[in-house]
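Here's the structure, in structure tokens; my notes come after.
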Amino acid sequence: MKFSKLFLLACTLFFALGAQAAPDVVRLGNLKFAHYGAVSYMKEIAPKYNLQIEERVFAKGLDILPATIAGEIDIAASALDAAVAGRASGVPIYVVAGFAKGGARIVARPDLNIKSVADLKGKKVGVARGGAQELLLAAELAKHNLTWSDQPGKDVQIFFMPFADLNQALMQKHIDAMCQSEPQSSQSINKGFGVEVLKPYDTPLGEPVRALVMTEKMYNEKRDVAERVLKLFVEATQTFQDNPKLAEKYVREQMFKNQISIDDYQDAMSNASFTYDVSLDHVQITTDLMKKYGVGKMANPPLAKDWVRLALLDKAKKELKVK
């Protein structure tokens, strides 16, 4: 009898340890920007939630969508614009949280004396397609009654290119200005080949919120995993909010491999912030403006109420006592 009890205890311990040794794998699509750092940090503390985060970094948000359709991505950090465009084209995703606010600037060449958006008339402006920057730029140009196109003939000619190429294009004077993300826009200023025109937050869009999205499959079929993912996300974000030095060290050393300076990081994060939250209204306003300005070229724009799911975020924040 004694042996049986010991054997049963050993088996119980073996299976418990075995279960703990086999974390659930969650495949994350991410981008290389300063304000995406807390999402990247999730993989560092994932074992606490019996999760393993496999991060894959993409050149731009729109590139994540085909991987999601192919079943290669479970969660993704995305500009809200890219997520809306993806949902409109049938990508089965839900918005489950916000993760960053701000993070954009319109920057111009120092030699052109561009002081305002109105001064962009007749100029060449670079921007990445499908990111928050494209919609922010469109909203600013519309506010100043400027027309735009990627073909000649309008007030402003738009040049679509990857985020990674924009700074080089500005430095080599292939474009006159750019609507760029962080920390790249801060780098252009600190290195002297760019000057800030404005932070483009004075339109109906306001300060853009980036979205954490999750596949419908994970949300609906792996609810326990989905709940742990949201708790992990909230803890990672709270850690970065509470410990700015850790956030700076992680972003500079792990994400950017010391390719950005302390000043670049601090300037970037003076124009961005880590958050958990996104509102139904913000998603709907973003969608409405995308339709208005032709961003994403959506035939059937999705209604925010049909694909924003914030219940798991609210539950995670409550359990972790986060306001």
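Here's how to read the names in the structure tokens: chain A, B, ... by the order shown, residue numbers from 1 in each chain, ligand numbers from 1 in the order shown.
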
Considering only C-alpha atoms, return as an mmCIF file with N, CA and C atoms, in the first residue's frame whatever protein or nucleic-acid residues lie within 6 Å of stretch 151-166 of chain A, sequence-local ones (same chain, fewer than 3 positions apart) excluded.
```cif
data_model
loop_
_atom_site.group_PDB
_atom_site.id
_atom_site.type_symbol
_atom_site.label_atom_id
_atom_site.label_comp_id
_atom_site.auth_asym_id
_atom_site.auth_seq_id
_atom_site.Cartn_x
_atom_site.Cartn_y
_atom_site.Cartn_z
ATOM 1 N N LYS A 121 2.731 71.619 -50.274
ATOM 2 C CA LYS A 121 2.210 71.764 -51.639
ATOM 3 C C LYS A 121 3.372 71.814 -52.627
ATOM 4 N N GLY A 122 3.271 70.960 -53.661
ATOM 5 C CA GLY A 122 4.321 70.878 -54.667
ATOM 6 C C GLY A 122 5.487 69.987 -54.279
ATOM 7 N N LYS A 123 5.363 69.315 -53.122
ATOM 8 C CA LYS A 123 6.470 68.514 -52.613
ATOM 9 C C LYS A 123 6.217 67.010 -52.767
ATOM 10 N N LYS A 124 7.295 66.241 -52.623
ATOM 11 C CA LYS A 124 7.250 64.784 -52.647
ATOM 12 C C LYS A 124 7.318 64.283 -51.205
ATOM 13 N N VAL A 125 6.323 63.498 -50.810
ATOM 14 C CA VAL A 125 6.235 63.050 -49.415
ATOM 15 C C VAL A 125 6.209 61.529 -49.366
ATOM 16 N N GLY A 126 7.097 60.955 -48.578
ATOM 17 C CA GLY A 126 7.169 59.508 -48.432
ATOM 18 C C GLY A 126 6.383 59.017 -47.230
ATOM 19 N N VAL A 127 5.811 57.830 -47.367
ATOM 20 C CA VAL A 127 5.075 57.207 -46.261
ATOM 21 C C VAL A 127 4.950 55.714 -46.552
ATOM 22 N N ALA A 128 4.839 54.926 -45.508
ATOM 23 C CA ALA A 128 4.609 53.488 -45.680
ATOM 24 C C ALA A 128 3.119 53.235 -45.868
ATOM 25 N N ARG A 129 2.792 52.399 -46.828
ATOM 26 C CA ARG A 129 1.389 52.075 -47.075
ATOM 27 C C ARG A 129 0.862 51.134 -45.990
ATOM 28 N N LEU A 146 -5.364 70.169 -49.267
ATOM 29 C CA LEU A 146 -4.403 69.745 -50.280
ATOM 30 C C LEU A 146 -4.852 68.434 -50.904
ATOM 31 N N THR A 147 -4.652 68.293 -52.197
ATOM 32 C CA THR A 147 -4.938 67.031 -52.875
ATOM 33 C C THR A 147 -3.657 66.219 -52.956
ATOM 34 N N TRP A 148 -3.805 64.904 -53.113
ATOM 35 C CA TRP A 148 -2.610 64.057 -53.142
ATOM 36 C C TRP A 148 -2.854 62.811 -53.983
ATOM 37 N N ALA A 169 15.769 57.747 -48.041
ATOM 38 C CA ALA A 169 15.234 58.562 -49.140
ATOM 39 C C ALA A 169 15.245 60.043 -48.787
#
```

Contacts of A:Ala226 at 10 Å or less, counting only C-alpha atoms, minus same-chain residues fewer than 4 places along, as a PyMOL selection string? chain A and resi 26+74-75+96+214-215+217-222+230-232+312-313

Using only C-alpha atoms for the distances, tell me which of A:Lys101, A:Arg223, A:Arg252, A:Lys60 is nearest to A:His282. A:Lys101

To one decimal in Å, tell me the separation between atom CA of A:Lys292 and atom CA of A:Ala97. 24.7 Å

Exercise: stretch 261-266 of chain A partners within 12 Å, only C-alpha atoms, chain neighbours under 5 positions left out, as a CSV table (one decimal) with N, CA, C and O atoms, in the first residue's frame:
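Below is the file around_35.csv, written as the result:
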```
chain,number,residue,atom,x,y,z
A,33,PHE,N,9.6,48.8,-34.0
A,33,PHE,CA,9.4,50.2,-33.6
A,33,PHE,C,9.5,50.3,-32.1
A,33,PHE,O,9.2,49.3,-31.4
A,34,ALA,N,9.9,51.4,-31.6
A,34,ALA,CA,10.2,51.6,-30.2
A,34,ALA,C,8.9,51.3,-29.4
A,34,ALA,O,9.0,50.6,-28.3
A,35,HIS,N,7.8,51.8,-29.8
A,35,HIS,CA,6.5,51.7,-29.1
A,35,HIS,C,5.9,50.3,-29.2
A,35,HIS,O,4.9,50.0,-28.6
A,37,GLY,N,7.7,47.8,-28.2
A,37,GLY,CA,8.6,47.0,-27.3
A,37,GLY,C,7.9,46.1,-26.3
A,37,GLY,O,8.4,45.0,-26.0
A,103,GLY,N,3.5,58.0,-31.7
A,103,GLY,CA,4.5,57.3,-32.4
A,103,GLY,C,4.7,57.7,-33.9
A,103,GLY,O,5.1,56.9,-34.7
A,182,GLU,N,8.3,56.0,-35.1
A,182,GLU,CA,9.4,56.1,-34.1
A,182,GLU,C,10.1,54.8,-33.9
A,182,GLU,O,9.4,53.7,-33.9
A,183,PRO,N,11.4,54.7,-33.7
A,183,PRO,CA,12.3,55.9,-33.4
A,183,PRO,C,12.9,56.5,-34.7
A,183,PRO,O,13.8,57.3,-34.6
A,184,GLN,N,12.5,56.0,-35.9
A,184,GLN,CA,13.1,56.5,-37.1
A,184,GLN,C,13.0,58.0,-37.3
A,184,GLN,O,13.9,58.6,-37.8
A,185,SER,N,11.8,58.5,-37.0
A,185,SER,CA,11.6,60.0,-37.2
A,185,SER,C,12.5,60.8,-36.3
A,185,SER,O,13.1,61.8,-36.6
A,186,SER,N,12.7,60.3,-35.0
A,186,SER,CA,13.6,61.0,-34.1
A,186,SER,C,15.0,60.8,-34.5
A,186,SER,O,15.8,61.8,-34.4
A,187,GLN,N,15.4,59.7,-35.1
A,187,GLN,CA,16.8,59.5,-35.6
A,187,GLN,C,17.1,60.5,-36.7
A,187,GLN,O,18.2,61.1,-36.8
A,188,SER,N,16.1,60.7,-37.6
A,188,SER,CA,16.3,61.6,-38.7
A,188,SER,C,16.6,63.1,-38.2
A,188,SER,O,17.4,63.8,-38.7
A,189,ILE,N,15.9,63.4,-37.1
A,189,ILE,CA,16.1,64.8,-36.5
A,189,ILE,C,17.5,64.8,-35.8
A,189,ILE,O,18.2,65.8,-36.0
A,190,ASN,N,17.8,63.8,-35.0
A,190,ASN,CA,19.0,63.8,-34.2
A,190,ASN,C,20.2,63.7,-35.1
A,190,ASN,O,21.3,64.2,-34.8
A,191,LYS,N,20.1,63.1,-36.3
A,191,LYS,CA,21.2,63.0,-37.2
A,191,LYS,C,21.3,64.2,-38.2
A,191,LYS,O,22.3,64.3,-39.0
A,244,PRO,N,10.7,52.4,-16.8
A,244,PRO,CA,11.1,52.9,-18.1
A,244,PRO,C,12.6,52.6,-18.4
A,244,PRO,O,12.9,52.5,-19.6
A,245,LYS,N,13.4,52.4,-17.4
A,245,LYS,CA,14.8,52.1,-17.7
A,245,LYS,C,14.9,50.7,-18.3
A,245,LYS,O,15.7,50.4,-19.2
A,247,ALA,N,12.5,49.2,-20.0
A,247,ALA,CA,11.9,49.4,-21.3
A,247,ALA,C,13.0,49.9,-22.3
A,247,ALA,O,13.2,49.3,-23.4
A,248,GLU,N,13.7,50.9,-21.9
A,248,GLU,CA,14.7,51.5,-22.8
A,248,GLU,C,15.8,50.5,-23.1
A,248,GLU,O,16.2,50.3,-24.2
A,249,LYS,N,16.3,49.8,-22.1
A,249,LYS,CA,17.4,48.8,-22.2
A,249,LYS,C,16.9,47.7,-23.2
A,249,LYS,O,17.7,47.3,-24.1
A,250,TYR,N,15.7,47.2,-23.0
A,250,TYR,CA,15.2,46.1,-23.8
A,250,TYR,C,15.1,46.6,-25.3
A,250,TYR,O,15.5,45.9,-26.2
A,251,VAL,N,14.4,47.7,-25.5
A,251,VAL,CA,14.2,48.1,-26.9
A,251,VAL,C,15.5,48.4,-27.6
A,251,VAL,O,15.8,48.0,-28.7
A,252,ARG,N,16.4,49.2,-26.9
A,252,ARG,CA,17.7,49.5,-27.5
A,252,ARG,C,18.6,48.3,-27.8
A,252,ARG,O,19.2,48.2,-28.8
A,253,GLU,N,18.7,47.5,-26.8
A,253,GLU,CA,19.7,46.4,-26.9
A,253,GLU,C,19.1,45.1,-27.5
A,253,GLU,O,19.9,44.5,-28.3
A,255,MET,N,15.9,44.7,-29.2
A,255,MET,CA,15.1,44.9,-30.5
A,255,MET,C,16.0,45.6,-31.5
A,255,MET,O,16.0,45.1,-32.7
A,256,PHE,N,16.8,46.6,-31.1
A,256,PHE,CA,17.5,47.4,-32.1
A,256,PHE,C,19.0,47.1,-32.1
A,256,PHE,O,19.8,47.7,-32.8
A,271,ASN,N,7.2,60.9,-27.8
A,271,ASN,CA,6.1,61.1,-28.8
A,271,ASN,C,5.3,59.8,-28.9
A,271,ASN,O,4.7,59.5,-30.0
A,272,ALA,N,5.4,58.9,-27.9
A,272,ALA,CA,4.6,57.7,-27.9
A,272,ALA,C,4.4,57.2,-26.5
A,272,ALA,O,5.2,57.6,-25.6
A,273,SER,N,3.5,56.3,-26.3
A,273,SER,CA,3.3,55.7,-25.0
A,273,SER,C,2.8,54.3,-25.1
A,273,SER,O,2.1,54.0,-26.0
```

Spatial neighbours of A:Arg228, 10 Å, only C-alpha atoms, chain gap at least 4 places, as a ChimeraX atom specification: /A:24,46,48-51,223-224,232-234,312,316

Can you write out the residues you just picked, keeping all heavy atoms, as a compact mmCIF listing (two decimals), in the first residue's frame?
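Output saved as selection-v9.txt:
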```txt
# COMPACT_ATOMS: atom_id res chain seq x y z
N ASP A 24 2.14 26.24 -24.10
CA ASP A 24 1.40 26.49 -25.34
C ASP A 24 2.17 27.50 -26.18
O ASP A 24 2.56 28.56 -25.70
CB ASP A 24 0.00 27.03 -25.01
CG ASP A 24 -0.87 25.99 -24.33
OD1 ASP A 24 -1.23 25.01 -25.01
OD2 ASP A 24 -1.16 26.15 -23.13
N ALA A 46 6.91 35.06 -20.80
CA ALA A 46 5.86 34.11 -21.18
C ALA A 46 5.83 32.83 -20.34
O ALA A 46 4.75 32.30 -20.04
CB ALA A 46 5.99 33.76 -22.66
N LYS A 48 6.00 32.34 -17.31
CA LYS A 48 5.18 32.54 -16.12
C LYS A 48 3.74 32.14 -16.36
O LYS A 48 3.03 31.72 -15.43
CB LYS A 48 5.26 34.01 -15.69
CG LYS A 48 4.45 34.36 -14.46
CD LYS A 48 4.66 35.80 -14.06
CE LYS A 48 3.81 36.17 -12.85
NZ LYS A 48 4.01 37.58 -12.42
N TYR A 49 3.30 32.24 -17.60
CA TYR A 49 1.92 31.89 -17.97
C TYR A 49 1.85 30.59 -18.77
O TYR A 49 0.86 30.31 -19.44
CB TYR A 49 1.30 33.05 -18.76
CG TYR A 49 1.13 34.29 -17.92
CD1 TYR A 49 2.13 35.27 -17.90
CD2 TYR A 49 0.01 34.47 -17.12
CE1 TYR A 49 2.00 36.40 -17.11
CE2 TYR A 49 -0.12 35.59 -16.32
CZ TYR A 49 0.87 36.56 -16.32
OH TYR A 49 0.74 37.67 -15.52
N ASN A 50 2.92 29.80 -18.65
CA ASN A 50 3.02 28.53 -19.38
C ASN A 50 2.79 28.74 -20.88
O ASN A 50 2.08 27.99 -21.53
CB ASN A 50 2.06 27.48 -18.83
CG ASN A 50 2.48 26.07 -19.21
OD1 ASN A 50 3.67 25.79 -19.40
ND2 ASN A 50 1.52 25.17 -19.35
N LEU A 51 3.40 29.79 -21.39
CA LEU A 51 3.32 30.11 -22.81
C LEU A 51 4.71 30.23 -23.40
O LEU A 51 5.68 30.53 -22.69
CB LEU A 51 2.58 31.44 -23.01
CG LEU A 51 1.10 31.50 -22.63
CD1 LEU A 51 0.62 32.95 -22.64
CD2 LEU A 51 0.26 30.65 -23.58
N ARG A 223 -9.72 29.33 -25.71
CA ARG A 223 -10.03 30.44 -24.81
C ARG A 223 -9.06 30.52 -23.63
O ARG A 223 -8.66 31.61 -23.22
CB ARG A 223 -11.47 30.32 -24.32
CG ARG A 223 -11.93 31.46 -23.39
CD ARG A 223 -11.72 32.84 -24.04
NE ARG A 223 -12.59 33.03 -25.17
CZ ARG A 223 -13.77 33.64 -25.12
NH1 ARG A 223 -14.22 34.11 -23.97
NH2 ARG A 223 -14.49 33.79 -26.22
N ASP A 224 -8.67 29.37 -23.09
CA ASP A 224 -7.73 29.39 -21.96
C ASP A 224 -6.40 30.01 -22.38
O ASP A 224 -5.82 30.82 -21.65
CB ASP A 224 -7.50 27.97 -21.44
CG ASP A 224 -6.38 27.91 -20.41
OD1 ASP A 224 -6.53 28.55 -19.35
OD2 ASP A 224 -5.35 27.27 -20.69
N LEU A 232 -0.60 38.00 -19.97
CA LEU A 232 0.82 38.20 -20.27
C LEU A 232 1.05 39.58 -20.89
O LEU A 232 1.98 40.30 -20.51
CB LEU A 232 1.29 37.10 -21.24
CG LEU A 232 2.66 37.28 -21.90
CD1 LEU A 232 3.77 37.36 -20.86
CD2 LEU A 232 2.91 36.12 -22.88
N PHE A 233 0.20 39.94 -21.82
CA PHE A 233 0.31 41.25 -22.47
C PHE A 233 0.17 42.38 -21.46
O PHE A 233 0.95 43.34 -21.47
CB PHE A 233 -0.77 41.38 -23.56
CG PHE A 233 -1.02 42.79 -23.99
CD1 PHE A 233 -0.09 43.49 -24.75
CD2 PHE A 233 -2.20 43.45 -23.60
CE1 PHE A 233 -0.33 44.82 -25.11
CE2 PHE A 233 -2.43 44.76 -23.96
CZ PHE A 233 -1.50 45.45 -24.73
N VAL A 234 -0.81 42.27 -20.57
CA VAL A 234 -1.03 43.32 -19.58
C VAL A 234 0.17 43.42 -18.64
O VAL A 234 0.64 44.53 -18.33
CB VAL A 234 -2.33 43.07 -18.79
CG1 VAL A 234 -2.43 44.00 -17.58
CG2 VAL A 234 -3.55 43.27 -19.69
N LEU A 312 -11.66 39.95 -22.74
CA LEU A 312 -10.50 39.27 -22.14
C LEU A 312 -9.50 40.28 -21.59
O LEU A 312 -8.84 40.02 -20.58
CB LEU A 312 -9.82 38.36 -23.17
CG LEU A 312 -10.66 37.20 -23.71
CD1 LEU A 312 -9.79 36.26 -24.53
CD2 LEU A 312 -11.33 36.43 -22.57
N ALA A 316 -8.35 40.43 -17.74
CA ALA A 316 -6.92 40.38 -17.38
C ALA A 316 -6.54 41.57 -16.50
O ALA A 316 -5.83 41.43 -15.50
CB ALA A 316 -6.06 40.36 -18.64
```

Out of stretch 38-158 of chain A, which residues get alpha helix (DSSP H) from DSSP, as a compact mmCIF listing (two decimals) with N, CA and C atoms, in the first residue's frame?
```
# COMPACT_ATOMS: atom_id res chain seq x y z
N ALA A 38 6.85 46.61 -25.69
CA ALA A 38 6.20 45.80 -24.65
C ALA A 38 5.62 44.52 -25.24
N VAL A 39 5.14 44.59 -26.48
CA VAL A 39 4.63 43.38 -27.14
C VAL A 39 5.76 42.39 -27.35
N SER A 40 6.92 42.90 -27.77
CA SER A 40 8.08 42.02 -27.95
C SER A 40 8.53 41.41 -26.62
N TYR A 41 8.42 42.20 -25.56
CA TYR A 41 8.86 41.76 -24.23
C TYR A 41 8.02 40.60 -23.71
N MET A 42 6.85 40.41 -24.26
CA MET A 42 6.00 39.31 -23.81
C MET A 42 6.73 37.98 -23.83
N LYS A 43 7.60 37.78 -24.82
CA LYS A 43 8.27 36.48 -24.93
C LYS A 43 9.24 36.23 -23.78
N GLU A 44 9.71 37.31 -23.12
CA GLU A 44 10.66 37.17 -22.03
C GLU A 44 10.01 36.65 -20.75
N ILE A 45 8.75 36.98 -20.53
CA ILE A 45 8.08 36.55 -19.29
C ILE A 45 6.97 35.54 -19.56
N GLY A 61 3.02 46.35 -41.39
CA GLY A 61 1.84 45.67 -40.86
C GLY A 61 1.08 44.86 -41.88
N LEU A 62 0.97 45.39 -43.10
CA LEU A 62 0.22 44.68 -44.14
C LEU A 62 0.82 43.32 -44.46
N ASP A 63 2.14 43.17 -44.23
CA ASP A 63 2.80 41.89 -44.53
C ASP A 63 2.36 40.79 -43.57
N ILE A 64 1.84 41.18 -42.40
CA ILE A 64 1.43 40.18 -41.41
C ILE A 64 0.15 39.48 -41.85
N LEU A 65 -0.69 40.18 -42.63
CA LEU A 65 -2.01 39.65 -42.97
C LEU A 65 -1.94 38.35 -43.76
N PRO A 66 -1.12 38.24 -44.82
CA PRO A 66 -1.04 36.96 -45.54
C PRO A 66 -0.58 35.81 -44.64
N ALA A 67 0.35 36.11 -43.71
CA ALA A 67 0.81 35.07 -42.79
C ALA A 67 -0.30 34.63 -41.85
N THR A 68 -1.16 35.58 -41.48
CA THR A 68 -2.30 35.25 -40.62
C THR A 68 -3.30 34.37 -41.36
N ILE A 69 -3.57 34.74 -42.62
CA ILE A 69 -4.49 33.95 -43.45
C ILE A 69 -3.95 32.54 -43.64
N LEU A 80 -3.70 50.13 -36.52
CA LEU A 80 -5.14 49.86 -36.59
C LEU A 80 -5.62 49.87 -38.04
N ASP A 81 -5.03 50.74 -38.86
CA ASP A 81 -5.40 50.82 -40.27
C ASP A 81 -5.21 49.48 -40.98
N ALA A 82 -4.04 48.87 -40.73
CA ALA A 82 -3.75 47.58 -41.37
C ALA A 82 -4.72 46.51 -40.90
N ALA A 83 -5.05 46.55 -39.61
CA ALA A 83 -5.99 45.57 -39.07
C ALA A 83 -7.38 45.76 -39.67
N VAL A 84 -7.82 47.01 -39.79
CA VAL A 84 -9.13 47.30 -40.39
C VAL A 84 -9.16 46.82 -41.84
N ALA A 85 -8.11 47.14 -42.60
CA ALA A 85 -8.04 46.72 -43.99
C ALA A 85 -8.05 45.20 -44.10
N GLY A 86 -7.35 44.54 -43.18
CA GLY A 86 -7.32 43.08 -43.18
C GLY A 86 -8.68 42.50 -42.90
N ARG A 87 -9.36 43.03 -41.89
CA ARG A 87 -10.70 42.54 -41.55
C ARG A 87 -11.66 42.77 -42.71
N ALA A 88 -11.53 43.92 -43.38
CA ALA A 88 -12.39 44.22 -44.52
C ALA A 88 -12.19 43.24 -45.66
N ALA A 132 -0.34 53.43 -39.64
CA ALA A 132 -1.05 54.59 -39.09
C ALA A 132 -0.61 55.87 -39.79
N GLN A 133 0.65 55.90 -40.23
CA GLN A 133 1.20 57.11 -40.83
C GLN A 133 0.47 57.49 -42.12
N GLU A 134 0.04 56.52 -42.90
CA GLU A 134 -0.65 56.83 -44.15
C GLU A 134 -1.95 57.57 -43.87
N LEU A 135 -2.73 57.10 -42.91
CA LEU A 135 -3.99 57.74 -42.59
C LEU A 135 -3.77 59.09 -41.92
N LEU A 136 -2.78 59.18 -41.05
CA LEU A 136 -2.46 60.47 -40.42
C LEU A 136 -2.09 61.51 -41.46
N LEU A 137 -1.28 61.11 -42.44
CA LEU A 137 -0.87 62.02 -43.50
C LEU A 137 -2.07 62.47 -44.33
N ALA A 138 -2.93 61.53 -44.69
CA ALA A 138 -4.12 61.86 -45.47
C ALA A 138 -5.02 62.84 -44.72
N ALA A 139 -5.20 62.59 -43.43
CA ALA A 139 -6.06 63.46 -42.63
C ALA A 139 -5.49 64.88 -42.53
N GLU A 140 -4.16 64.98 -42.41
CA GLU A 140 -3.52 66.30 -42.34
C GLU A 140 -3.62 67.04 -43.67
N LEU A 141 -3.37 66.34 -44.77
CA LEU A 141 -3.45 66.98 -46.08
C LEU A 141 -4.87 67.47 -46.36
N ALA A 142 -5.85 66.63 -46.00
CA ALA A 142 -7.25 67.02 -46.20
C ALA A 142 -7.61 68.24 -45.35
N LYS A 143 -7.12 68.28 -44.12
CA LYS A 143 -7.39 69.41 -43.23
C LYS A 143 -6.88 70.72 -43.83
```

Atom CA of A:Val308 sits from atom CA of A:Phe240 at a separation of 24.7 Å

Just the number, please: distance in Å from atom CA of A:Ile106 to atom CA of A:Gln238, one decimal.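 Answer for the atom CA of A:Ile106 to atom CA of A:Gln238 separation: 29.2 Å.
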
Quick one: of A:Ser270, A:Gln172, A:Thr237, A:Ile73, who's nearest to A:Val91, counting only C-alpha atoms? A:Ile73

Tell me which of A:Gly192, A:Pro200, A:Pro23, A:Gly102 sits closest to A:Ala268, counting only C-alpha atoms.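 Using only C-alpha atoms, the shortest distance to A:Ala268 belongs to A:Gly102.
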
Under the rule that only C-alpha atoms are counted, which of A:Gly206, A:Gly29, A:Pro47, A:Pro92 is the nearest residue to A:Ala77?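 Once distances to A:Ala77 are computed over only C-alpha atoms, the minimum belongs to A:Gly29.
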
Can you tell me, as number ranges by chain, which residues in stretch 103-190 of chain A count as strand (DSSP E) by DSSP? A: 104-108, 124-127, 148-149, 156-160, 177-181

Would you export the selected residues with N, CA, C and O atoms as an mmCIF file, in the first residue's frame, please?
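The resulting file, selection28.cif, is reproduced below:
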```cif
data_model
loop_
_atom_site.group_PDB
_atom_site.id
_atom_site.type_symbol
_atom_site.label_atom_id
_atom_site.label_comp_id
_atom_site.auth_asym_id
_atom_site.auth_seq_id
_atom_site.Cartn_x
_atom_site.Cartn_y
_atom_site.Cartn_z
ATOM 1 N N ALA A 104 4.298 58.958 -34.235
ATOM 2 C CA ALA A 104 4.430 59.404 -35.631
ATOM 3 C C ALA A 104 4.805 60.876 -35.684
ATOM 4 O O ALA A 104 4.448 61.653 -34.792
ATOM 5 N N ARG A 105 5.523 61.260 -36.724
ATOM 6 C CA ARG A 105 5.839 62.661 -36.987
ATOM 7 C C ARG A 105 5.878 62.886 -38.489
ATOM 8 O O ARG A 105 6.216 61.987 -39.256
ATOM 9 N N ILE A 106 5.546 64.100 -38.892
ATOM 10 C CA ILE A 106 5.855 64.548 -40.246
ATOM 11 C C ILE A 106 7.180 65.303 -40.158
ATOM 12 O O ILE A 106 7.314 66.252 -39.376
ATOM 13 N N VAL A 107 8.149 64.826 -40.905
ATOM 14 C CA VAL A 107 9.517 65.343 -40.870
ATOM 15 C C VAL A 107 9.895 65.793 -42.280
ATOM 16 O O VAL A 107 9.551 65.129 -43.265
ATOM 17 N N ALA A 108 10.602 66.914 -42.384
ATOM 18 C CA ALA A 108 10.989 67.449 -43.692
ATOM 19 C C ALA A 108 12.494 67.680 -43.761
ATOM 20 O O ALA A 108 13.189 67.696 -42.735
ATOM 21 N N LYS A 124 7.295 66.241 -52.623
ATOM 22 C CA LYS A 124 7.250 64.784 -52.647
ATOM 23 C C LYS A 124 7.318 64.283 -51.205
ATOM 24 O O LYS A 124 8.270 64.614 -50.491
ATOM 25 N N VAL A 125 6.323 63.498 -50.810
ATOM 26 C CA VAL A 125 6.235 63.050 -49.415
ATOM 27 C C VAL A 125 6.209 61.529 -49.366
ATOM 28 O O VAL A 125 5.386 60.886 -50.036
ATOM 29 N N GLY A 126 7.097 60.955 -48.578
ATOM 30 C CA GLY A 126 7.169 59.508 -48.432
ATOM 31 C C GLY A 126 6.383 59.017 -47.230
ATOM 32 O O GLY A 126 6.299 59.698 -46.200
ATOM 33 N N VAL A 127 5.811 57.830 -47.367
ATOM 34 C CA VAL A 127 5.075 57.207 -46.261
ATOM 35 C C VAL A 127 4.950 55.714 -46.552
ATOM 36 O O VAL A 127 4.986 55.298 -47.711
ATOM 37 N N TRP A 148 -3.805 64.904 -53.113
ATOM 38 C CA TRP A 148 -2.610 64.057 -53.142
ATOM 39 C C TRP A 148 -2.854 62.811 -53.983
ATOM 40 O O TRP A 148 -3.986 62.365 -54.171
ATOM 41 N N SER A 149 -1.754 62.246 -54.472
ATOM 42 C CA SER A 149 -1.795 61.027 -55.272
ATOM 43 C C SER A 149 -0.379 60.472 -55.357
ATOM 44 O O SER A 149 0.596 61.199 -55.129
ATOM 45 N N VAL A 156 0.241 67.295 -53.769
ATOM 46 C CA VAL A 156 1.333 66.550 -53.127
ATOM 47 C C VAL A 156 1.460 65.188 -53.804
ATOM 48 O O VAL A 156 0.463 64.493 -53.992
ATOM 49 N N GLN A 157 2.696 64.813 -54.152
ATOM 50 C CA GLN A 157 2.925 63.483 -54.716
ATOM 51 C C GLN A 157 3.413 62.563 -53.603
ATOM 52 O O GLN A 157 4.395 62.861 -52.913
ATOM 53 N N ILE A 158 2.707 61.459 -53.417
ATOM 54 C CA ILE A 158 3.023 60.499 -52.369
ATOM 55 C C ILE A 158 3.931 59.397 -52.922
ATOM 56 O O ILE A 158 3.684 58.856 -54.002
ATOM 57 N N PHE A 159 4.959 59.073 -52.162
ATOM 58 C CA PHE A 159 5.845 57.968 -52.513
ATOM 59 C C PHE A 159 5.714 56.904 -51.431
ATOM 60 O O PHE A 159 6.074 57.140 -50.276
ATOM 61 N N PHE A 160 5.154 55.769 -51.800
ATOM 62 C CA PHE A 160 4.992 54.671 -50.848
ATOM 63 C C PHE A 160 6.270 53.841 -50.815
ATOM 64 O O PHE A 160 6.764 53.401 -51.862
ATOM 65 N N ALA A 177 9.832 65.258 -47.762
ATOM 66 C CA ALA A 177 9.327 65.096 -46.398
ATOM 67 C C ALA A 177 8.812 63.677 -46.251
ATOM 68 O O ALA A 177 8.697 62.930 -47.241
ATOM 69 N N MET A 178 8.484 63.299 -45.008
ATOM 70 C CA MET A 178 7.958 61.950 -44.774
ATOM 71 C C MET A 178 7.065 61.975 -43.546
ATOM 72 O O MET A 178 7.231 62.809 -42.648
ATOM 73 N N CYS A 179 6.122 61.075 -43.535
ATOM 74 C CA CYS A 179 5.348 60.802 -42.328
ATOM 75 C C CYS A 179 5.876 59.467 -41.819
ATOM 76 O O CYS A 179 5.632 58.424 -42.428
ATOM 77 N N GLN A 180 6.617 59.503 -40.727
ATOM 78 C CA GLN A 180 7.430 58.372 -40.303
ATOM 79 C C GLN A 180 7.132 57.981 -38.864
ATOM 80 O O GLN A 180 6.683 58.793 -38.050
ATOM 81 N N SER A 181 7.399 56.733 -38.554
ATOM 82 C CA SER A 181 7.179 56.194 -37.217
ATOM 83 C C SER A 181 8.391 56.464 -36.323
ATOM 84 O O SER A 181 9.374 57.074 -36.745
#
```
